[in-house]
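Dropping final.pdb in here (PDB, C-alpha atoms):
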ATOM      1  CA  MET U 157      87.446  85.202  94.209
ATOM      2  CA  SER U 158      88.397  88.716  93.192
ATOM      3  CA  LYS U 159      91.070  90.623  95.051
ATOM      4  CA  LYS U 160      89.959  93.132  97.648
ATOM      5  CA  LYS U 161      90.845  96.688  96.687
ATOM      6  CA  ILE U 162      92.518  99.323  98.833
ATOM      7  CA  LEU U 163      92.771 102.975  97.830
ATOM      8  CA  ILE U 164      95.464 104.909  99.706
ATOM      9  CA  PHE U 165      95.624 108.695  99.927
ATOM     10  CA  ASP U 166      99.019 109.837 101.258
ATOM     11  CA  ASP U 167     101.657 112.281 100.053
ATOM     12  CA  ASP U 168     104.586 110.358 101.566
ATOM     13  CA  ALA U 169     106.121 108.265  98.763
ATOM     14  CA  ALA U 170     108.024 105.992 101.188
ATOM     15  CA  ILE U 171     104.873 105.118 103.122
ATOM     16  CA  LEU U 172     102.941 104.543  99.907
ATOM     17  CA  GLU U 173     105.637 102.191  98.659
ATOM     18  CA  VAL U 174     105.821 100.153 101.875
ATOM     19  CA  ILE U 175     102.057  99.869 102.327
ATOM     20  CA  THR U 176     101.575  98.948  98.664
ATOM     21  CA  ILE U 177     104.184  96.181  98.810
ATOM     22  CA  ILE U 178     102.802  94.734 102.056
ATOM     23  CA  PHE U 179      99.173  94.693 100.936
ATOM     24  CA  GLU U 180      99.949  93.392  97.437
ATOM     25  CA  GLU U 181     101.973  90.556  98.990
ATOM     26  CA  ASN U 182      98.880  89.732 101.054
ATOM     27  CA  GLY U 183      96.676  89.479  97.975
ATOM     28  CA  TYR U 184      95.129  92.929  97.820
ATOM     29  CA  GLU U 185      94.892  95.167  94.786
ATOM     30  CA  VAL U 186      96.261  98.607  95.694
ATOM     31  CA  ARG U 187      95.887 102.002  94.079
ATOM     32  CA  ILE U 188      97.501 105.160  95.447
ATOM     33  CA  SER U 189      96.968 108.890  95.210
ATOM     34  CA  GLU U 190      99.151 111.712  96.485
ATOM     35  CA  THR U 191      96.275 114.230  96.412
ATOM     36  CA  SER U 192      92.693 114.051  97.627
ATOM     37  CA  HIS U 193      90.844 116.865  95.821
ATOM     38  CA  ASP U 194      89.347 114.418  93.302
ATOM     39  CA  ILE U 195      88.465 111.706  95.819
ATOM     40  CA  LEU U 196      84.930 111.153  94.504
ATOM     41  CA  GLU U 197      86.179 110.623  90.948
ATOM     42  CA  LYS U 198      88.926 108.243  92.087
ATOM     43  CA  VAL U 199      86.541 106.211  94.242
ATOM     44  CA  ALA U 200      83.935 106.059  91.453
ATOM     45  CA  GLU U 201      86.552 104.808  89.021
ATOM     46  CA  TYR U 202      88.220 102.248  91.325
ATOM     47  CA  HIS U 203      85.428 101.047  93.671
ATOM     48  CA  PRO U 204      87.720 100.249  96.643
ATOM     49  CA  ASP U 205      86.707  97.987  99.504
ATOM     50  CA  VAL U 206      88.549 100.171 102.008
ATOM     51  CA  ILE U 207      90.322 103.555 101.953
ATOM     52  CA  LEU U 208      93.406 104.595 103.923
ATOM     53  CA  MET U 209      93.475 108.372 104.365
ATOM     54  CA  ASP U 210      96.308 110.592 105.546
ATOM     55  CA  ASN U 211      95.395 113.889 107.197
ATOM     56  CA  TRP U 212      98.204 115.950 105.713
ATOM     57  CA  ILE U 213      97.482 115.459 102.034
ATOM     58  CA  PRO U 214      97.707 118.242  99.420
ATOM     59  CA  LYS U 215      94.805 120.218  98.043
ATOM     60  CA  ILE U 216      91.880 119.759 100.450
ATOM     61  CA  GLY U 217      93.315 117.591 103.257
ATOM     62  CA  GLY U 218      92.161 114.331 104.753
ATOM     63  CA  VAL U 219      89.286 115.650 106.867
ATOM     64  CA  GLU U 220      87.574 117.422 103.973
ATOM     65  CA  ALA U 221      88.216 114.549 101.555
ATOM     66  CA  THR U 222      86.747 112.027 104.003
ATOM     67  CA  LYS U 223      83.727 114.265 104.642
ATOM     68  CA  LEU U 224      83.082 114.453 100.889
ATOM     69  CA  LEU U 225      83.092 110.681 100.735
ATOM     70  CA  LYS U 226      80.982 110.140 103.853
ATOM     71  CA  ASN U 227      78.413 112.733 102.690
ATOM     72  CA  SER U 228      77.982 110.871  99.397
ATOM     73  CA  GLU U 229      75.141 108.339  99.386
ATOM     74  CA  GLU U 230      76.951 106.393  96.699
ATOM     75  CA  PHE U 231      80.194 105.973  98.674
ATOM     76  CA  ASN U 232      79.471 106.497 102.391
ATOM     77  CA  HIS U 233      79.443 102.704 102.993
ATOM     78  CA  ILE U 234      83.148 102.390 102.128
ATOM     79  CA  PRO U 235      85.242 102.191 105.313
ATOM     80  CA  VAL U 236      87.800 104.966 105.697
ATOM     81  CA  ILE U 237      90.739 104.343 108.022
ATOM     82  CA  TYR U 238      92.522 107.517 109.029
ATOM     83  CA  VAL U 239      96.314 106.993 109.067
ATOM     84  CA  THR U 240      98.207 110.040 110.251
ATOM     85  CA  ALA U 241     100.825 111.460 112.585
ATOM     86  CA  ASN U 242      98.852 113.741 114.852
ATOM     87  CA  ASN U 243      98.411 114.005 118.615
ATOM     88  CA  ASP U 244      94.674 114.466 118.167
ATOM     89  CA  ILE U 245      94.017 111.701 115.635
ATOM     90  CA  ALA U 246      90.882 110.468 117.419
ATOM     91  CA  ALA U 247      89.283 113.923 117.190
ATOM     92  CA  LEU U 248      90.343 114.349 113.553
ATOM     93  CA  ALA U 249      88.995 110.933 112.607
ATOM     94  CA  SER U 250      85.735 111.709 114.374
ATOM     95  CA  GLU U 251      85.409 115.116 112.706
ATOM     96  CA  ALA U 252      86.030 113.528 109.311
ATOM     97  CA  LYS U 253      83.524 110.717 110.045
ATOM     98  CA  ALA U 254      86.245 108.109 109.454
ATOM     99  CA  ASP U 255      85.441 104.540 110.459
ATOM    100  CA  ASP U 256      88.706 103.936 112.287
ATOM    101  CA  TYR U 257      92.210 105.329 112.730
ATOM    102  CA  VAL U 258      95.855 104.335 113.144
ATOM    103  CA  SER U 259      98.642 106.657 114.308
ATOM    104  CA  LYS U 260     101.876 107.019 112.356
ATOM    105  CA  PRO U 261     104.319 105.482 112.857
ATOM    106  CA  PHE U 262     102.141 102.392 112.799
ATOM    107  CA  ASN U 263     102.656  98.685 113.228
ATOM    108  CA  LEU U 264     102.064  97.017 109.846
ATOM    109  CA  ASP U 265     100.399  93.999 111.457
ATOM    110  CA  ASP U 266      97.935  96.284 113.252
ATOM    111  CA  LEU U 267      97.136  98.094 110.009
ATOM    112  CA  GLU U 268      96.627  94.809 108.148
ATOM    113  CA  GLU U 269      94.311  93.517 110.885
ATOM    114  CA  MET U 270      92.276  96.720 110.826
ATOM    115  CA  VAL U 271      91.878  96.606 107.034
ATOM    116  CA  ALA U 272      90.862  92.928 107.167
ATOM    117  CA  LYS U 273      88.343  93.666 109.944
ATOM    118  CA  HIS U 274      86.642  96.437 107.952
ATOM    119  CA  ILE U 275      86.546  94.368 104.776
ATOM    120  CA  LYS U 276      84.948  91.446 106.659
ATOM    121  CA  GLU U 277      82.316  93.772 108.153
ATOM    122  CA  GLN U 278      81.207  94.746 104.649
ATOM    123  CA  VAL U 279      80.361  91.221 103.549
TER
END
Represent the supplied structure as structure tokens.
Amino acid sequence: MSKKKILIFDDDAAILEVITIIFEENGYEVRISETSHDILEKVAEYHPDVILMDNWIPKIGGVEATKLLKNSEEFNHIPVIYVTANNDIAALASEAKADDYVSKPFNLDDLEEMVAKHIKEQV
């Protein structure tokens, strides 16, 4: 069975490192990006099973990047989980058409469960 792939868009190196280690230890293949302006190219190249998206990411930001993805017939089936520190995360996730959201700081177990749930729903 091939490893499930996660693509993470976040500009916080510490968060990227922690999330990468945790998910790789749990058998996922992880790729990261600190910018989101080329999201369609990165998704086309990597074919992730789920995407974690920060709101405050350089170039175009999480909302616009997620909208690009969700407006693409080729990629709109890929679950996007919004992961950000914002009081209005539910509204941002909704505006972006994200499939789910988790507030920073987050509980790693909760994040893992959410990723697993969205990957199972795809099968």
(message) For this structure, which residues satisfy the selection - the PyMOL selection byres ((chain U and resi 233-242) around 6) - when it is evaluated on the file as given? I want them as a VMD selection string.
(response) chain U and resid 206 to 211 231 to 232 243 to 245 254 to 260
(message) Between CA of Ser228 (chain U) and CA of Leu248 (chain U), what is the distance in Å, rounded to a tenth?
(response) 19.1 Å
(request) Pick out the closest residue to Leu225 (chain U) from this set: U:Ala252, U:Ala247, U:Ile213, U:Ala272. Count all atoms listed in the file. (result) U:Ala252
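For the choices U:Ser192, U:Ala246, U:Asp205, U:Gly218, the atom-to-atom distance to Glu277 (chain U) is smallest for U:Asp205 when using all atoms listed in the file.
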(message) Can you measure CA of Lys161 (chain U) to CA of Glu251 (chain U) for me? One decimal in Å is fine.
(response) 25.0 Å
Test item: residues at most 9 Å from Thr191 (chain U), only C-alpha atoms, excluding those fewer than 6 positions along its chain, as a PDB file with C-alpha atoms, in the coordinates of the input:
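Final output, saved to result_11.pdb:
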ATOM      1  CA  PHE U 165      95.624 108.695  99.927  1.00  0.00           C
ATOM      2  CA  ASP U 166      99.019 109.837 101.258  1.00  0.00           C
ATOM      3  CA  ASP U 167     101.657 112.281 100.053  1.00  0.00           C
ATOM      4  CA  ILE U 213      97.482 115.459 102.034  1.00  0.00           C
ATOM      5  CA  PRO U 214      97.707 118.242  99.420  1.00  0.00           C
ATOM      6  CA  LYS U 215      94.805 120.218  98.043  1.00  0.00           C
ATOM      7  CA  ILE U 216      91.880 119.759 100.450  1.00  0.00           C
ATOM      8  CA  GLY U 217      93.315 117.591 103.257  1.00  0.00           C
TER       9      GLY U 217
END
(message) Could you list, as number ranges by chain, every residue within 8 Å of Arg187 (chain U), counting only C-alpha atoms and ignoring same-chain residues fewer than 3 positions away?
(response) U: 161-164, 176
(request) Mind giving me the straight-line distance from CA of Lys159 (chain U) to CA of Glu230 (chain U) in Å, one decimal? (result) 21.2 Å
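For the structure shown here, the set of residues caught by the PyMOL selection byres ((chain U and resi 179) around 10) is U:Lys160, U:Lys161, U:Ile162, U:Val174, U:Ile175, U:Thr176, U:Ile177, U:Ile178, U:Glu180, U:Glu181, U:Asn182, U:Gly183, U:Tyr184, U:Glu185, U:Val186, U:Leu264, U:Leu267, U:Glu268, U:Val271.
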(message) Once the PyMOL selection byres ((chain U and resi 196) around 9) has been evaluated on this model, what residues remain selected, and can you format them as JSON, numbers by chain?
(response) {"U": [192, 193, 194, 195, 197, 198, 199, 200, 201, 221, 224, 225, 228, 231]}
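Among the candidates U:Pro204, U:Ala170, U:Ile188, U:Lys226, the residue lying nearest to His274 (chain U) is U:Pro204 (atoms considered: all atoms listed in the file).
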(request) Counting all atoms listed in the file, figure out which residue out of U:Trp212, U:Ser158, U:Ala169, U:Val219 gets nearest to Lys253 (chain U). (result) U:Val219
